[in-house]
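Text of final-v7.pdb (PDB, C-alpha atoms) as supplied:
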```pdb
ATOM      1  CA  MET G  92     100.024  91.732  78.835  1.00  0.00           C
ATOM      2  CA  HIS G  93     100.127  91.195  82.596  1.00  0.00           C
ATOM      3  CA  PHE G  94     100.668  94.935  82.930  1.00  0.00           C
ATOM      4  CA  TRP G  95      97.000  95.497  82.081  1.00  0.00           C
ATOM      5  CA  ASN G  96      96.134  93.322  85.081  1.00  0.00           C
ATOM      6  CA  GLU G  97      98.193  95.613  87.321  1.00  0.00           C
ATOM      7  CA  PHE G  98      96.638  98.690  85.756  1.00  0.00           C
ATOM      8  CA  LYS G  99      93.115  98.195  87.114  1.00  0.00           C
ATOM      9  CA  PRO G 100      94.025  97.982  90.852  1.00  0.00           C
ATOM     10  CA  LEU G 101      96.249 101.051  90.497  1.00  0.00           C
ATOM     11  CA  SER G 102      93.387 102.875  88.855  1.00  0.00           C
ATOM     12  CA  SER G 103      91.164 102.009  91.825  1.00  0.00           C
ATOM     13  CA  GLU G 104      93.775 103.293  94.271  1.00  0.00           C
ATOM     14  CA  ILE G 105      94.113 106.565  92.371  1.00  0.00           C
ATOM     15  CA  GLU G 106      90.337 106.909  92.370  1.00  0.00           C
ATOM     16  CA  LYS G 107      90.330 106.558  96.167  1.00  0.00           C
ATOM     17  CA  LEU G 108      93.041 109.228  96.423  1.00  0.00           C
ATOM     18  CA  LEU G 109      91.033 111.449  94.117  1.00  0.00           C
ATOM     19  CA  LYS G 110      88.045 111.252  96.443  1.00  0.00           C
ATOM     20  CA  ARG G 111      90.265 112.174  99.395  1.00  0.00           C
ATOM     21  CA  ASP G 112      91.838 114.987  97.364  1.00  0.00           C
ATOM     22  CA  GLN G 113      88.421 116.581  96.979  1.00  0.00           C
ATOM     23  CA  HIS G 114      88.354 116.839 100.761  1.00  0.00           C
ATOM     24  CA  HIS G 115      91.999 118.033 100.938  1.00  0.00           C
ATOM     25  CA  ILE G 116      93.221 114.988 102.867  1.00  0.00           C
ATOM     26  CA  VAL G 117      95.498 113.338 100.298  1.00  0.00           C
ATOM     27  CA  ASP G 118      98.339 111.192 101.575  1.00  0.00           C
ATOM     28  CA  LYS G 119     101.196 112.626  99.487  1.00  0.00           C
ATOM     29  CA  SER G 120     103.544 109.699 100.124  1.00  0.00           C
ATOM     30  CA  LYS G 121     100.889 107.216  98.948  1.00  0.00           C
ATOM     31  CA  PHE G 122     100.289 109.323  95.847  1.00  0.00           C
ATOM     32  CA  ILE G 123     104.014 109.415  95.046  1.00  0.00           C
ATOM     33  CA  THR G 124     104.264 105.635  95.459  1.00  0.00           C
ATOM     34  CA  LEU G 125     101.258 105.010  93.212  1.00  0.00           C
ATOM     35  CA  LYS G 126     102.500 107.505  90.664  1.00  0.00           C
ATOM     36  CA  THR G 127     105.851 105.711  90.506  1.00  0.00           C
ATOM     37  CA  GLU G 128     104.141 102.359  89.939  1.00  0.00           C
ATOM     38  CA  ILE G 129     101.901 103.848  87.277  1.00  0.00           C
ATOM     39  CA  LEU G 130     104.881 105.448  85.537  1.00  0.00           C
ATOM     40  CA  ASP G 131     106.658 102.075  85.449  1.00  0.00           C
ATOM     41  CA  ILE G 132     103.661 100.477  83.763  1.00  0.00           C
ATOM     42  CA  LEU G 133     103.184 103.372  81.332  1.00  0.00           C
ATOM     43  CA  LYS G 134     106.872 103.264  80.466  1.00  0.00           C
ATOM     44  CA  THR G 135     106.599  99.563  79.648  1.00  0.00           C
ATOM     45  CA  LEU G 136     103.349  99.867  77.709  1.00  0.00           C
ATOM     46  CA  PHE G 137     103.916 103.106  75.808  1.00  0.00           C
ATOM     47  CA  GLY G 138     107.483 104.305  76.400  1.00  0.00           C
ATOM     48  CA  GLU G 139     108.899 107.406  78.052  1.00  0.00           C
ATOM     49  CA  THR G 140     108.107 109.609  75.084  1.00  0.00           C
ATOM     50  CA  SER G 141     104.393 108.844  75.124  1.00  0.00           C
ATOM     51  CA  ARG G 142     101.968 111.599  75.978  1.00  0.00           C
ATOM     52  CA  GLU G 143     100.426 109.533  78.783  1.00  0.00           C
ATOM     53  CA  TYR G 144     103.792 108.981  80.468  1.00  0.00           C
ATOM     54  CA  ARG G 145     104.809 112.623  80.211  1.00  0.00           C
ATOM     55  CA  VAL G 146     101.497 113.938  81.581  1.00  0.00           C
ATOM     56  CA  VAL G 147     101.601 111.621  84.604  1.00  0.00           C
ATOM     57  CA  LYS G 148     105.283 112.378  85.234  1.00  0.00           C
ATOM     58  CA  LEU G 149     104.728 116.140  85.257  1.00  0.00           C
ATOM     59  CA  THR G 150     101.570 116.274  87.374  1.00  0.00           C
ATOM     60  CA  ASN G 151     101.082 116.347  91.118  1.00  0.00           C
ATOM     61  CA  SER G 152      97.332 115.916  90.882  1.00  0.00           C
ATOM     62  CA  PRO G 153      95.528 112.631  91.557  1.00  0.00           C
ATOM     63  CA  ALA G 154      92.704 113.940  89.358  1.00  0.00           C
ATOM     64  CA  THR G 155      94.974 114.281  86.337  1.00  0.00           C
ATOM     65  CA  VAL G 156      96.487 110.831  86.851  1.00  0.00           C
ATOM     66  CA  PHE G 157      93.002 109.370  87.198  1.00  0.00           C
ATOM     67  CA  LYS G 158      91.874 111.026  83.955  1.00  0.00           C
ATOM     68  CA  VAL G 159      94.881 109.636  82.083  1.00  0.00           C
ATOM     69  CA  MET G 160      94.270 106.146  83.442  1.00  0.00           C
ATOM     70  CA  LYS G 161      90.563 106.341  82.645  1.00  0.00           C
ATOM     71  CA  HIS G 162      91.396 107.410  79.098  1.00  0.00           C
ATOM     72  CA  ILE G 163      93.810 104.492  78.668  1.00  0.00           C
ATOM     73  CA  ALA G 164      91.282 102.013  80.083  1.00  0.00           C
ATOM     74  CA  ALA G 165      88.563 103.277  77.747  1.00  0.00           C
ATOM     75  CA  ARG G 166      90.900 103.060  74.784  1.00  0.00           C
ATOM     76  CA  ASN G 167      91.877  99.504  75.772  1.00  0.00           C
ATOM     77  CA  GLU G 168      88.216  98.443  76.081  1.00  0.00           C
ATOM     78  CA  THR G 169      87.522  99.833  72.612  1.00  0.00           C
ATOM     79  CA  LEU G 170      90.476  97.925  71.163  1.00  0.00           C
ATOM     80  CA  THR G 171      89.474  94.734  72.953  1.00  0.00           C
ATOM     81  CA  SER G 172      85.863  94.894  71.787  1.00  0.00           C
ATOM     82  CA  SER G 173      87.041  95.666  68.239  1.00  0.00           C
ATOM     83  CA  ASN G 174      89.290  92.592  68.329  1.00  0.00           C
ATOM     84  CA  ILE G 175      86.416  90.427  69.566  1.00  0.00           C
ATOM     85  CA  ALA G 176      84.117  91.721  66.829  1.00  0.00           C
ATOM     86  CA  VAL G 177      86.765  91.017  64.174  1.00  0.00           C
ATOM     87  CA  ASN G 178      87.416  87.522  65.525  1.00  0.00           C
ATOM     88  CA  LEU G 179      83.725  86.583  65.425  1.00  0.00           C
TER      89      LEU G 179
END
```

Is it possible to give me this structure as structure tokens?
Amino acid sequence: MHFWNEFKPLSSEIEKLLKRDQHHIVDKSKFITLKTEILDILKTLFGETSREYRVVKLTNSPATVFKVMKHIAARNETLTSSNIAVNL
């Protein structure tokens, strides 16, 4: 589960790129590097056939990658809080 620990910093980096993208000053090489790291994690967590992996692989938009990561994080928080509630 250490991949979830890597997920949050990558999400923060994508969010920073997203803010720069709104001002049309995105560092494309940084985006490609982050996207590659994110794809590695998504591949491990969900597999290459997952919707999340395919969407990130096909996009060139920091906004789209950020939305996918935000969706995954929200889903993970829901699962975690459900597990805590069940364990109580």

- Task: Any chance you could resolve the PyMOL selection byres ((chain G and resi 126) around 12) against this file and give the residues as a PyMOL selection string?
- Result: chain G and resi 98+101-102+104-105+108+119-125+127-134+144-157+159-160

- Message: Quick check, in Å to one decimal: how far apart do CA of Asn167 in chain G and CA of Lys99 in chain G lie?
- Response: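 Rounded to one decimal, the two atoms are 11.5 Å apart.
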
- Which value, in Å to one decimal, gives the distance between CA of Glu106 in chain G and CA of Ala165 in chain G?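 Going from CA of Glu106 in chain G over to CA of Ala165 in chain G covers 15.2 Å.
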
With 8 Å of padding per side, what axis-aligned box (centre and edge lengths, Å, one decimal) covers all the listed atoms of range 155-159 of chain G? Give it as AutoDock Vina command-line options.
```
--center_x 94.2 --center_y 111.8 --center_z 84.6 --size_x 20.6 --size_y 20.9 --size_z 21.1
```

Would you fill out range 113-147 of chain G with N, CA and C atoms and return it as an mmCIF file, in the coordinates of the input?
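Result file is result.cif:
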```cif
data_model
loop_
_atom_site.group_PDB
_atom_site.id
_atom_site.type_symbol
_atom_site.label_atom_id
_atom_site.label_comp_id
_atom_site.auth_asym_id
_atom_site.auth_seq_id
_atom_site.Cartn_x
_atom_site.Cartn_y
_atom_site.Cartn_z
ATOM 1 N N GLN G 113 89.538 115.637 97.013
ATOM 2 C CA GLN G 113 88.421 116.581 96.979
ATOM 3 C C GLN G 113 88.132 117.138 98.373
ATOM 4 N N HIS G 114 88.547 116.393 99.378
ATOM 5 C CA HIS G 114 88.354 116.839 100.761
ATOM 6 C C HIS G 114 89.665 117.342 101.377
ATOM 7 N N HIS G 115 90.693 117.495 100.529
ATOM 8 C CA HIS G 115 91.999 118.033 100.938
ATOM 9 C C HIS G 115 92.667 117.187 102.013
ATOM 10 N N ILE G 116 92.544 115.865 101.911
ATOM 11 C CA ILE G 116 93.221 114.988 102.867
ATOM 12 C C ILE G 116 94.033 113.915 102.139
ATOM 13 N N VAL G 117 94.713 114.280 101.077
ATOM 14 C CA VAL G 117 95.498 113.338 100.298
ATOM 15 C C VAL G 117 96.780 112.973 101.033
ATOM 16 N N ASP G 118 97.085 111.693 101.028
ATOM 17 C CA ASP G 118 98.339 111.192 101.575
ATOM 18 C C ASP G 118 99.388 111.315 100.465
ATOM 19 N N LYS G 119 100.231 112.331 100.557
ATOM 20 C CA LYS G 119 101.196 112.626 99.487
ATOM 21 C C LYS G 119 102.159 111.471 99.246
ATOM 22 N N SER G 120 102.597 110.797 100.314
ATOM 23 C CA SER G 120 103.544 109.699 100.124
ATOM 24 C C SER G 120 102.885 108.542 99.376
ATOM 25 N N LYS G 121 101.617 108.271 99.660
ATOM 26 C CA LYS G 121 100.889 107.216 98.948
ATOM 27 C C LYS G 121 100.733 107.593 97.478
ATOM 28 N N PHE G 122 100.432 108.869 97.225
ATOM 29 C CA PHE G 122 100.289 109.323 95.847
ATOM 30 C C PHE G 122 101.602 109.155 95.090
ATOM 31 N N ILE G 123 102.706 109.529 95.706
ATOM 32 C CA ILE G 123 104.014 109.415 95.046
ATOM 33 C C ILE G 123 104.331 107.953 94.739
ATOM 34 N N THR G 124 104.025 107.061 95.670
ATOM 35 C CA THR G 124 104.264 105.635 95.459
ATOM 36 C C THR G 124 103.420 105.105 94.298
ATOM 37 N N LEU G 125 102.139 105.444 94.296
ATOM 38 C CA LEU G 125 101.258 105.010 93.212
ATOM 39 C C LEU G 125 101.692 105.588 91.869
ATOM 40 N N LYS G 126 102.070 106.845 91.893
ATOM 41 C CA LYS G 126 102.500 107.505 90.664
ATOM 42 C C LYS G 126 103.733 106.810 90.089
ATOM 43 N N THR G 127 104.647 106.413 90.944
ATOM 44 C CA THR G 127 105.851 105.711 90.506
ATOM 45 C C THR G 127 105.489 104.371 89.867
ATOM 46 N N GLU G 128 104.582 103.638 90.494
ATOM 47 C CA GLU G 128 104.141 102.359 89.939
ATOM 48 C C GLU G 128 103.451 102.559 88.594
ATOM 49 N N ILE G 129 102.616 103.558 88.518
ATOM 50 C CA ILE G 129 101.901 103.848 87.277
ATOM 51 C C ILE G 129 102.885 104.235 86.179
ATOM 52 N N LEU G 130 103.873 105.049 86.526
ATOM 53 C CA LEU G 130 104.881 105.448 85.537
ATOM 54 C C LEU G 130 105.654 104.241 85.016
ATOM 55 N N ASP G 131 105.960 103.287 85.891
ATOM 56 C CA ASP G 131 106.658 102.075 85.449
ATOM 57 C C ASP G 131 105.832 101.310 84.423
ATOM 58 N N ILE G 132 104.542 101.187 84.690
ATOM 59 C CA ILE G 132 103.661 100.477 83.763
ATOM 60 C C ILE G 132 103.514 101.244 82.452
ATOM 61 N N LEU G 133 103.318 102.555 82.543
ATOM 62 C CA LEU G 133 103.184 103.372 81.332
ATOM 63 C C LEU G 133 104.458 103.338 80.496
ATOM 64 N N LYS G 134 105.587 103.325 81.164
ATOM 65 C CA LYS G 134 106.872 103.264 80.466
ATOM 66 C C LYS G 134 106.971 101.955 79.681
ATOM 67 N N THR G 135 106.549 100.862 80.306
ATOM 68 C CA THR G 135 106.599 99.563 79.648
ATOM 69 C C THR G 135 105.600 99.484 78.498
ATOM 70 N N LEU G 136 104.395 99.973 78.727
ATOM 71 C CA LEU G 136 103.349 99.867 77.709
ATOM 72 C C LEU G 136 103.544 100.821 76.540
ATOM 73 N N PHE G 137 103.901 102.073 76.843
ATOM 74 C CA PHE G 137 103.916 103.106 75.808
ATOM 75 C C PHE G 137 105.264 103.770 75.573
ATOM 76 N N GLY G 138 106.183 103.662 76.526
ATOM 77 C CA GLY G 138 107.483 104.305 76.400
ATOM 78 C C GLY G 138 107.516 105.670 77.076
ATOM 79 N N GLU G 139 108.723 106.137 77.341
ATOM 80 C CA GLU G 139 108.899 107.406 78.052
ATOM 81 C C GLU G 139 108.518 108.621 77.216
ATOM 82 N N THR G 140 108.440 108.462 75.932
ATOM 83 C CA THR G 140 108.107 109.609 75.084
ATOM 84 C C THR G 140 106.609 109.726 74.819
ATOM 85 N N SER G 141 105.839 108.791 75.357
ATOM 86 C CA SER G 141 104.393 108.844 75.124
ATOM 87 C C SER G 141 103.770 110.015 75.880
ATOM 88 N N ARG G 142 102.687 110.477 75.355
ATOM 89 C CA ARG G 142 101.968 111.599 75.978
ATOM 90 C C ARG G 142 101.470 111.215 77.373
ATOM 91 N N GLU G 143 100.949 109.996 77.501
ATOM 92 C CA GLU G 143 100.426 109.533 78.783
ATOM 93 C C GLU G 143 101.506 109.564 79.864
ATOM 94 N N TYR G 144 102.683 109.027 79.525
ATOM 95 C CA TYR G 144 103.792 108.981 80.468
ATOM 96 C C TYR G 144 104.208 110.392 80.884
ATOM 97 N N ARG G 145 104.355 111.262 79.912
ATOM 98 C CA ARG G 145 104.809 112.623 80.211
ATOM 99 C C ARG G 145 103.812 113.386 81.076
ATOM 100 N N VAL G 146 102.520 113.233 80.800
ATOM 101 C CA VAL G 146 101.497 113.938 81.581
ATOM 102 C C VAL G 146 101.527 113.471 83.034
ATOM 103 N N VAL G 147 101.578 112.156 83.237
ATOM 104 C CA VAL G 147 101.601 111.621 84.604
ATOM 105 C C VAL G 147 102.878 112.048 85.315
#
```
